[in-house]
file coords.cif (mmCIF, C-alpha atoms)
data_entry
#
loop_
_atom_site.label_atom_id
_atom_site.label_comp_id
_atom_site.auth_asym_id
_atom_site.auth_seq_id
_atom_site.Cartn_x
_atom_site.Cartn_y
_atom_site.Cartn_z
CA MET A 454 0.00 0.00 0.00
CA HIS A 455 1.26 3.39 -0.90
CA CYS A 456 2.04 5.54 2.11
CA ASP A 457 2.38 9.22 1.58
CA GLU A 458 3.92 11.69 3.98
CA PHE A 459 1.42 14.34 2.98
CA VAL A 460 -1.40 12.67 4.77
CA ALA A 461 0.32 10.20 7.04
CA ASP A 462 -2.91 8.31 6.94
CA CYS A 463 -2.09 4.81 5.93
CA ARG A 464 -3.68 4.11 9.26
CA VAL A 465 -6.68 6.22 8.43
CA ARG A 466 -7.20 3.82 5.56
CA GLN A 467 -6.50 0.85 7.80
CA LEU A 468 -9.20 2.15 10.11
CA ALA A 469 -11.54 2.88 7.21
CA ASP A 470 -10.97 -0.64 5.89
CA LEU A 471 -12.04 -1.90 9.26
CA PHE A 472 -15.40 -0.14 8.94
CA ALA A 473 -15.75 -0.98 5.29
CA GLN A 474 -15.75 -4.70 5.97
CA THR A 475 -19.38 -5.54 6.24
CA TRP A 476 -19.70 -7.07 9.65
CA ASN A 477 -16.97 -5.40 11.66
CA PRO A 478 -18.90 -2.25 12.61
CA VAL A 479 -22.04 -4.30 13.23
CA VAL A 480 -20.34 -6.58 15.73
CA LEU A 481 -18.49 -3.70 17.38
CA LEU A 482 -21.77 -1.84 17.82
CA ALA A 483 -23.50 -4.95 19.12
CA LEU A 484 -20.88 -5.16 21.87
CA ARG A 485 -21.33 -1.56 22.87
CA PRO A 486 -23.83 -2.20 25.70
CA GLY A 487 -21.52 -4.76 27.32
CA PRO A 488 -20.06 -8.27 27.09
CA ARG A 489 -22.07 -10.77 25.09
CA ARG A 490 -22.07 -14.47 24.56
CA ARG A 491 -21.77 -15.67 21.04
CA ARG A 492 -25.31 -16.92 20.78
CA THR A 493 -26.72 -13.66 22.12
CA LEU A 494 -24.71 -11.77 19.54
CA ARG A 495 -26.15 -13.88 16.77
CA GLU A 496 -29.67 -13.32 17.98
CA GLU A 497 -29.25 -9.61 18.49
CA ILE A 498 -27.56 -9.01 15.16
CA GLY A 499 -29.77 -11.24 13.06
CA GLY A 500 -28.94 -12.20 9.49
CA ILE A 501 -25.36 -13.15 10.25
CA SER A 502 -24.26 -16.72 9.60
CA ASP A 503 -22.38 -18.72 12.16
CA LYS A 504 -19.27 -18.83 10.02
CA VAL A 505 -19.27 -15.11 9.33
CA LEU A 506 -19.75 -14.32 13.01
CA THR A 507 -16.84 -16.60 13.89
CA ASP A 508 -14.62 -14.97 11.27
CA THR A 509 -15.57 -11.49 12.37
CA LEU A 510 -14.96 -12.23 16.04
CA ARG A 511 -11.55 -13.71 15.24
CA ARG A 512 -10.60 -10.78 13.07
CA LEU A 513 -11.60 -8.18 15.63
CA GLN A 514 -9.82 -10.14 18.32
CA ALA A 515 -6.65 -10.34 16.20
CA GLN A 516 -6.79 -6.58 15.84
CA GLY A 517 -7.03 -6.08 19.57
CA LEU A 518 -10.51 -4.60 19.41
CA ILE A 519 -12.43 -7.26 21.30
CA SER A 520 -11.51 -9.74 23.99
CA ARG A 521 -12.63 -13.30 24.47
CA THR A 522 -12.99 -14.59 28.01
CA ALA A 523 -13.73 -18.20 28.87
CA TYR A 524 -15.26 -18.90 32.27
CA ALA A 525 -14.75 -22.23 33.97
CA GLU A 526 -18.40 -22.88 34.52
CA ALA A 527 -20.61 -25.79 33.72
CA PRO A 528 -21.66 -25.48 30.97
CA PRO A 529 -18.62 -23.43 29.92
CA ARG A 530 -19.31 -19.80 29.14
CA VAL A 531 -17.41 -17.59 26.72
CA ASP A 532 -17.90 -13.84 26.64
CA TYR A 533 -16.85 -11.35 24.03
CA ALA A 534 -16.33 -7.73 24.99
CA LEU A 535 -14.90 -4.53 23.59
CA THR A 536 -11.34 -3.84 24.71
CA GLU A 537 -10.47 -0.30 25.73
CA LEU A 538 -9.15 0.21 22.21
CA GLY A 539 -12.31 -1.18 20.68
CA ARG A 540 -14.43 1.11 22.81
CA SER A 541 -12.37 4.11 21.75
CA ILE A 542 -13.18 3.27 18.12
CA VAL A 543 -16.88 2.80 18.77
CA ASP A 544 -17.17 6.00 20.79
CA GLY A 545 -14.92 8.01 18.48
CA PRO A 546 -14.70 7.47 14.73
CA LEU A 547 -17.56 5.00 14.40
CA LYS A 548 -19.88 7.37 16.23
CA ALA A 549 -18.74 10.24 14.00
CA LEU A 550 -19.41 8.18 10.89
CA GLY A 551 -22.82 7.25 12.16
CA ALA A 552 -23.67 10.83 13.05
CA TRP A 553 -22.63 12.05 9.62
CA VAL A 554 -24.65 9.36 7.89
CA ALA A 555 -27.70 10.17 9.98
CA GLU A 556 -27.46 13.81 8.94
CA HIS A 557 -26.11 13.63 5.40
CA GLY A 558 -26.37 10.02 4.27
CA ASP A 559 -29.15 10.75 1.82
CA GLU A 560 -27.05 13.35 0.06
CA LEU A 561 -24.19 10.99 -0.72
CA THR A 562 -24.50 10.04 -4.33
CA ALA A 563 -23.88 6.38 -4.96
CA ALA A 564 -20.71 6.33 -6.96
CA PRO A 565 -19.83 3.58 -9.40
CA ARG A 566 -17.20 1.23 -8.09
CA PRO A 567 -13.81 1.89 -9.65
CA MET B 899 -24.57 -5.66 -0.25
CA HIS B 900 -26.37 -6.91 2.80
CA CYS B 901 -28.28 -4.20 4.62
CA ASP B 902 -29.35 -4.90 8.13
CA GLU B 903 -31.87 -2.96 10.13
CA PHE B 904 -29.91 -3.54 13.29
CA VAL B 905 -27.27 -1.09 12.33
CA ALA B 906 -28.85 0.78 9.46
CA ASP B 907 -25.34 1.49 8.36
CA CYS B 908 -25.04 0.41 4.80
CA ARG B 909 -24.20 4.04 4.43
CA VAL B 910 -21.65 3.86 7.19
CA ARG B 911 -19.92 1.31 5.02
CA GLN B 912 -20.42 3.42 1.94
CA LEU B 913 -18.72 6.24 3.79
CA ALA B 914 -16.00 3.94 5.09
CA ASP B 915 -15.40 2.69 1.56
CA LEU B 916 -14.90 6.25 0.53
CA PHE B 917 -12.08 6.67 3.03
CA ALA B 918 -10.66 3.24 2.36
CA GLN B 919 -9.97 4.06 -1.28
CA THR B 920 -6.42 5.22 -1.24
CA TRP B 921 -6.60 8.68 -2.73
CA ASN B 922 -10.05 9.89 -1.75
CA PRO B 923 -9.18 11.14 1.73
CA VAL B 924 -5.89 12.57 0.47
CA VAL B 925 -7.59 14.70 -2.18
CA LEU B 926 -10.38 15.73 0.18
CA LEU B 927 -7.81 16.87 2.73
CA ALA B 928 -5.80 18.67 0.09
CA LEU B 929 -8.88 20.74 -0.76
CA ARG B 930 -9.52 21.65 2.84
CA PRO B 931 -7.70 25.01 2.74
CA GLY B 932 -9.69 26.15 -0.30
CA PRO B 933 -10.19 25.73 -4.06
CA ARG B 934 -7.26 24.38 -5.99
CA ARG B 935 -6.28 24.01 -9.59
CA ARG B 936 -5.43 20.59 -10.75
CA ARG B 937 -1.72 21.26 -11.15
CA THR B 938 -1.47 22.74 -7.68
CA LEU B 939 -3.19 19.68 -6.27
CA ARG B 940 -0.69 17.41 -7.95
CA GLU B 941 2.22 19.39 -6.59
CA GLU B 942 0.84 19.63 -3.09
CA ILE B 943 -0.09 15.99 -2.87
CA GLY B 944 3.01 14.56 -4.46
CA GLY B 945 3.32 10.96 -5.54
CA ILE B 946 -0.02 10.89 -7.32
CA SER B 947 -0.09 10.14 -11.03
CA ASP B 948 -2.02 12.28 -13.46
CA LYS B 949 -4.41 9.44 -14.24
CA VAL B 950 -5.08 8.62 -10.62
CA LEU B 951 -5.71 12.26 -9.79
CA THR B 952 -8.14 12.51 -12.71
CA ASP B 953 -9.97 9.37 -11.61
CA THR B 954 -10.14 10.53 -8.01
CA LEU B 955 -11.44 13.99 -8.92
CA ARG B 956 -14.12 12.46 -11.15
CA ARG B 957 -15.14 10.00 -8.48
CA LEU B 958 -15.42 12.61 -5.76
CA GLN B 959 -17.30 14.88 -8.12
CA ALA B 960 -19.73 12.08 -9.02
CA GLN B 961 -20.38 11.60 -5.32
CA GLY B 962 -21.17 15.25 -4.84
CA LEU B 963 -18.18 15.87 -2.58
CA ILE B 964 -16.23 18.26 -4.76
CA SER B 965 -17.18 20.76 -7.42
CA ARG B 966 -15.41 21.65 -10.64
CA THR B 967 -15.63 25.23 -11.84
CA ALA B 968 -14.32 26.39 -15.20
CA TYR B 969 -13.55 30.09 -15.57
CA ALA B 970 -13.67 31.75 -18.96
CA GLU B 971 -10.19 33.19 -18.74
CA ALA B 972 -7.23 33.05 -21.04
CA PRO B 973 -5.68 30.62 -20.46
CA PRO B 974 -8.75 28.78 -19.19
CA ARG B 975 -8.76 28.04 -15.48
CA VAL B 976 -10.46 25.16 -13.72
CA ASP B 977 -10.83 25.02 -9.97
CA TYR B 978 -11.78 22.15 -7.75
CA ALA B 979 -13.34 22.79 -4.36
CA LEU B 980 -15.08 20.96 -1.55
CA THR B 981 -18.84 21.17 -1.72
CA GLU B 982 -20.72 21.79 1.50
CA LEU B 983 -21.23 18.03 1.74
CA GLY B 984 -17.54 17.37 1.13
CA ARG B 985 -16.60 19.84 3.83
CA SER B 986 -18.97 18.19 6.29
CA ILE B 987 -17.17 14.90 5.71
CA VAL B 988 -13.72 16.41 6.10
CA ASP B 989 -14.64 18.31 9.26
CA GLY B 990 -16.68 15.45 10.72
CA PRO B 991 -15.87 11.79 10.20
CA LEU B 992 -12.53 12.25 8.47
CA LYS B 993 -11.33 14.45 11.29
CA ALA B 994 -12.54 11.91 13.85
CA LEU B 995 -10.69 9.12 12.04
CA GLY B 996 -7.53 11.20 11.94
CA ALA B 997 -7.80 12.09 15.62
CA TRP B 998 -8.27 8.45 16.59
CA VAL B 999 -5.33 7.35 14.48
CA ALA B 1000 -3.11 10.06 15.98
CA GLU B 1001 -3.96 8.86 19.46
CA HIS B 1002 -4.36 5.10 19.03
CA GLY B 1003 -2.98 4.22 15.61
CA ASP B 1004 0.05 2.43 17.04
CA GLU B 1005 -2.16 0.13 19.07
CA LEU B 1006 -4.11 -1.18 16.11
CA THR B 1007 -2.75 -4.59 15.31
CA ALA B 1008 -2.31 -5.18 11.62
CA ALA B 1009 -4.82 -7.88 10.88
CA PRO B 1010 -4.44 -10.31 8.02
CA ARG B 1011 -6.68 -9.55 5.08
CA PRO B 1012 -9.65 -11.88 4.97
#
call {"tool": "encode", "arguments": {"input": "coords.cif", "output": "structure tokens"}}
result
Amino acid sequence: MHCDEFVADCRVRQLADLFAQTWNPVVLLALRPGPRRRRTLREEIGGISDKVLTDTLRRLQAQGLISRTAYAEAPPRVDYALTELGRSIVDGPLKALGAWVAEHGDELTAAPRP
Amino acid sequence: MHCDEFVADCRVRQLADLFAQTWNPVVLLALRPGPRRRRTLREEIGGISDKVLTDTLRRLQAQGLISRTAYAEAPPRVDYALTELGRSIVDGPLKALGAWVAEHGDELTAAPRP
């Protein structure tokens, strides 16, 4: 990827990529109220396949945005939660994107894909 | 593209896509100070080919984010400028993304592409 000094925003794009991937922002937002079990996430999100949810959770975990905690209970319980970093994304840029879309989304002309 | 009521953010992704495309945020930021001629843009941005700049300007124009104004001067002059909508993106979500990256960018783990 081309990195240019002028903008120093390779990471802006990295962050934008994160939101551009269909399910990432959805899962991040779904975790906003607090830790969730996998099944609860699936129910609350709706329309997400088991495989896609698994992939998304792994990806967000690999990026340090969510944590996975296994509790030694019977039956075993696994919780997913936003990390501090994940919360900073949800409360910062993701919120700003959402606010913009709520106000101006209709004005954005659908552009042809390059 | 799957649109889900839960997040109502197909447009969040549309907006994220906009930032994720390499040169879009660069050109938007370059127009922040005010209208620019094409040649000035190229010089100020640096490292952008003529073709890519042309494509990016057309794309942003098609999305209603920048305007193109031709002045009947000799030699003819053409200016590009942020529209009101374009400015709202630069001052809103793009700024929020930049601020987050400045503060937390180093913490974002590079995740493998899916």
call {"tool": "resolve_selection", "arguments": {"input": "coords.cif", "expression": "the PyMOL selection byres ((chain B) within 8 of (chain A))", "output": "CSV table (one decimal) with C-alpha atoms, in the coordinates of the input"}}
result
chain,number,residue,atom,x,y,z
B,900,HIS,CA,-26.4,-6.9,2.8
B,902,ASP,CA,-29.4,-4.9,8.1
B,904,PHE,CA,-29.9,-3.5,13.3
B,905,VAL,CA,-27.3,-1.1,12.3
B,907,ASP,CA,-25.3,1.5,8.4
B,909,ARG,CA,-24.2,4.0,4.4
B,910,VAL,CA,-21.6,3.9,7.2
B,911,ARG,CA,-19.9,1.3,5.0
B,912,GLN,CA,-20.4,3.4,1.9
B,913,LEU,CA,-18.7,6.2,3.8
B,914,ALA,CA,-16.0,3.9,5.1
B,915,ASP,CA,-15.4,2.7,1.6
B,917,PHE,CA,-12.1,6.7,3.0
B,918,ALA,CA,-10.7,3.2,2.4
B,919,GLN,CA,-10.0,4.1,-1.3
B,920,THR,CA,-6.4,5.2,-1.2
B,924,VAL,CA,-5.9,12.6,0.5
B,927,LEU,CA,-7.8,16.9,2.7
B,943,ILE,CA,-0.1,16.0,-2.9
B,944,GLY,CA,3.0,14.6,-4.5
B,945,GLY,CA,3.3,11.0,-5.5
B,957,ARG,CA,-15.1,10.0,-8.5
B,960,ALA,CA,-19.7,12.1,-9.0
B,961,GLN,CA,-20.4,11.6,-5.3
B,962,GLY,CA,-21.2,15.2,-4.8
B,963,LEU,CA,-18.2,15.9,-2.6
B,983,LEU,CA,-21.2,18.0,1.7
B,986,SER,CA,-19.0,18.2,6.3
B,987,ILE,CA,-17.2,14.9,5.7
B,990,GLY,CA,-16.7,15.4,10.7
B,991,PRO,CA,-15.9,11.8,10.2
B,994,ALA,CA,-12.5,11.9,13.8
B,995,LEU,CA,-10.7,9.1,12.0
B,996,GLY,CA,-7.5,11.2,11.9
B,998,TRP,CA,-8.3,8.4,16.6
B,999,VAL,CA,-5.3,7.4,14.5
B,1002,HIS,CA,-4.4,5.1,19.0
B,1003,GLY,CA,-3.0,4.2,15.6
B,1005,GLU,CA,-2.2,0.1,19.1
B,1006,LEU,CA,-4.1,-1.2,16.1
B,1007,THR,CA,-2.8,-4.6,15.3
B,1008,ALA,CA,-2.3,-5.2,11.6
B,1009,ALA,CA,-4.8,-7.9,10.9
B,1010,PRO,CA,-4.4,-10.3,8.0
call {"tool": "resolve_selection", "arguments": {"input": "coords.cif", "expression": "the PyMOL selection byres ((chain B and resi 967) around 8)", "output": "list in words"}}
result
Ser965, Arg966, Ala968, Tyr969, Val976, Asp977 and Tyr978 of chain B
call {"tool": "atom_distance", "arguments": {"input": "coords.cif", "atom1": "CA of Arg491 in chain A", "atom2": "CA of Leu506 in chain A"}}
result
8.4 Å
call {"tool": "axis_aligned_box", "arguments": {"input": "coords.cif", "around": "range 979-984 of chain B", "padding_each_side": "8 Å", "output": "JSON"}}
result
{"center_x": -17.3, "center_y": 20.1, "center_z": -1.3, "size_x": 23.9, "size_y": 21.4, "size_z": 22.1}
call {"tool": "atom_distance", "arguments": {"input": "coords.cif", "atom1": "CA of Leu929 in chain B", "atom2": "CA of Glu941 in chain B"}}
result
12.6 Å
call {"tool": "atom_distance", "arguments": {"input": "coords.cif", "atom1": "CA of Pro973 in chain B", "atom2": "CA of Arg934 in chain B"}}
result
15.8 Å
call {"tool": "decode", "arguments": {"input": "coords.cif", "residues": "range 540-558 of chain A", "atoms": "N, CA and C atoms", "output": "mmCIF file, in the first residue's frame"}}
result
data_model
loop_
_atom_site.group_PDB
_atom_site.id
_atom_site.type_symbol
_atom_site.label_atom_id
_atom_site.label_comp_id
_atom_site.auth_asym_id
_atom_site.auth_seq_id
_atom_site.Cartn_x
_atom_site.Cartn_y
_atom_site.Cartn_z
ATOM 1 N N ARG A 540 -13.455 0.118 22.352
ATOM 2 C CA ARG A 540 -14.429 1.109 22.806
ATOM 3 C C ARG A 540 -14.074 2.500 22.293
ATOM 4 N N SER A 541 -12.781 2.786 22.236
ATOM 5 C CA SER A 541 -12.373 4.113 21.745
ATOM 6 C C SER A 541 -12.746 4.280 20.274
ATOM 7 N N ILE A 542 -12.754 3.191 19.525
ATOM 8 C CA ILE A 542 -13.175 3.271 18.122
ATOM 9 C C ILE A 542 -14.688 3.464 18.029
ATOM 10 N N VAL A 543 -15.415 2.702 18.819
ATOM 11 C CA VAL A 543 -16.878 2.795 18.766
ATOM 12 C C VAL A 543 -17.333 4.191 19.193
ATOM 13 N N ASP A 544 -16.741 4.702 20.265
ATOM 14 C CA ASP A 544 -17.171 5.997 20.792
ATOM 15 C C ASP A 544 -16.588 7.171 20.016
ATOM 16 N N GLY A 545 -15.518 6.934 19.253
ATOM 17 C CA GLY A 545 -14.918 8.014 18.479
ATOM 18 C C GLY A 545 -15.331 7.978 17.018
ATOM 19 N N PRO A 546 -14.461 7.426 16.177
ATOM 20 C CA PRO A 546 -14.704 7.474 14.728
ATOM 21 C C PRO A 546 -16.002 6.808 14.277
ATOM 22 N N LEU A 547 -16.349 5.683 14.865
ATOM 23 C CA LEU A 547 -17.559 4.999 14.398
ATOM 24 C C LEU A 547 -18.794 5.843 14.705
ATOM 25 N N LYS A 548 -18.783 6.479 15.852
ATOM 26 C CA LYS A 548 -19.876 7.369 16.229
ATOM 27 C C LYS A 548 -19.946 8.560 15.260
ATOM 28 N N ALA A 549 -18.786 9.096 14.924
ATOM 29 C CA ALA A 549 -18.743 10.244 14.000
ATOM 30 C C ALA A 549 -19.266 9.846 12.623
ATOM 31 N N LEU A 550 -18.908 8.651 12.171
ATOM 32 C CA LEU A 550 -19.412 8.176 10.885
ATOM 33 C C LEU A 550 -20.921 8.024 10.930
ATOM 34 N N GLY A 551 -21.384 7.440 12.023
ATOM 35 C CA GLY A 551 -22.820 7.245 12.159
ATOM 36 C C GLY A 551 -23.578 8.571 12.202
ATOM 37 N N ALA A 552 -23.024 9.529 12.930
ATOM 38 C CA ALA A 552 -23.672 10.833 13.047
ATOM 39 C C ALA A 552 -23.724 11.527 11.685
ATOM 40 N N TRP A 553 -22.653 11.425 10.940
ATOM 41 C CA TRP A 553 -22.630 12.049 9.616
ATOM 42 C C TRP A 553 -23.673 11.412 8.712
ATOM 43 N N VAL A 554 -23.706 10.076 8.752
ATOM 44 C CA VAL A 554 -24.648 9.360 7.893
ATOM 45 C C VAL A 554 -26.088 9.702 8.254
ATOM 46 N N ALA A 555 -26.348 9.821 9.548
ATOM 47 C CA ALA A 555 -27.700 10.165 9.978
ATOM 48 C C ALA A 555 -28.104 11.540 9.439
ATOM 49 N N GLU A 556 -27.131 12.447 9.365
ATOM 50 C CA GLU A 556 -27.456 13.806 8.942
ATOM 51 C C GLU A 556 -27.371 13.983 7.425
ATOM 52 N N HIS A 557 -26.385 13.348 6.809
ATOM 53 C CA HIS A 557 -26.114 13.628 5.400
ATOM 54 C C HIS A 557 -26.191 12.420 4.479
ATOM 55 N N GLY A 558 -26.451 11.250 5.061
ATOM 56 C CA GLY A 558 -26.370 10.022 4.274
ATOM 57 C C GLY A 558 -27.145 10.079 2.962
#
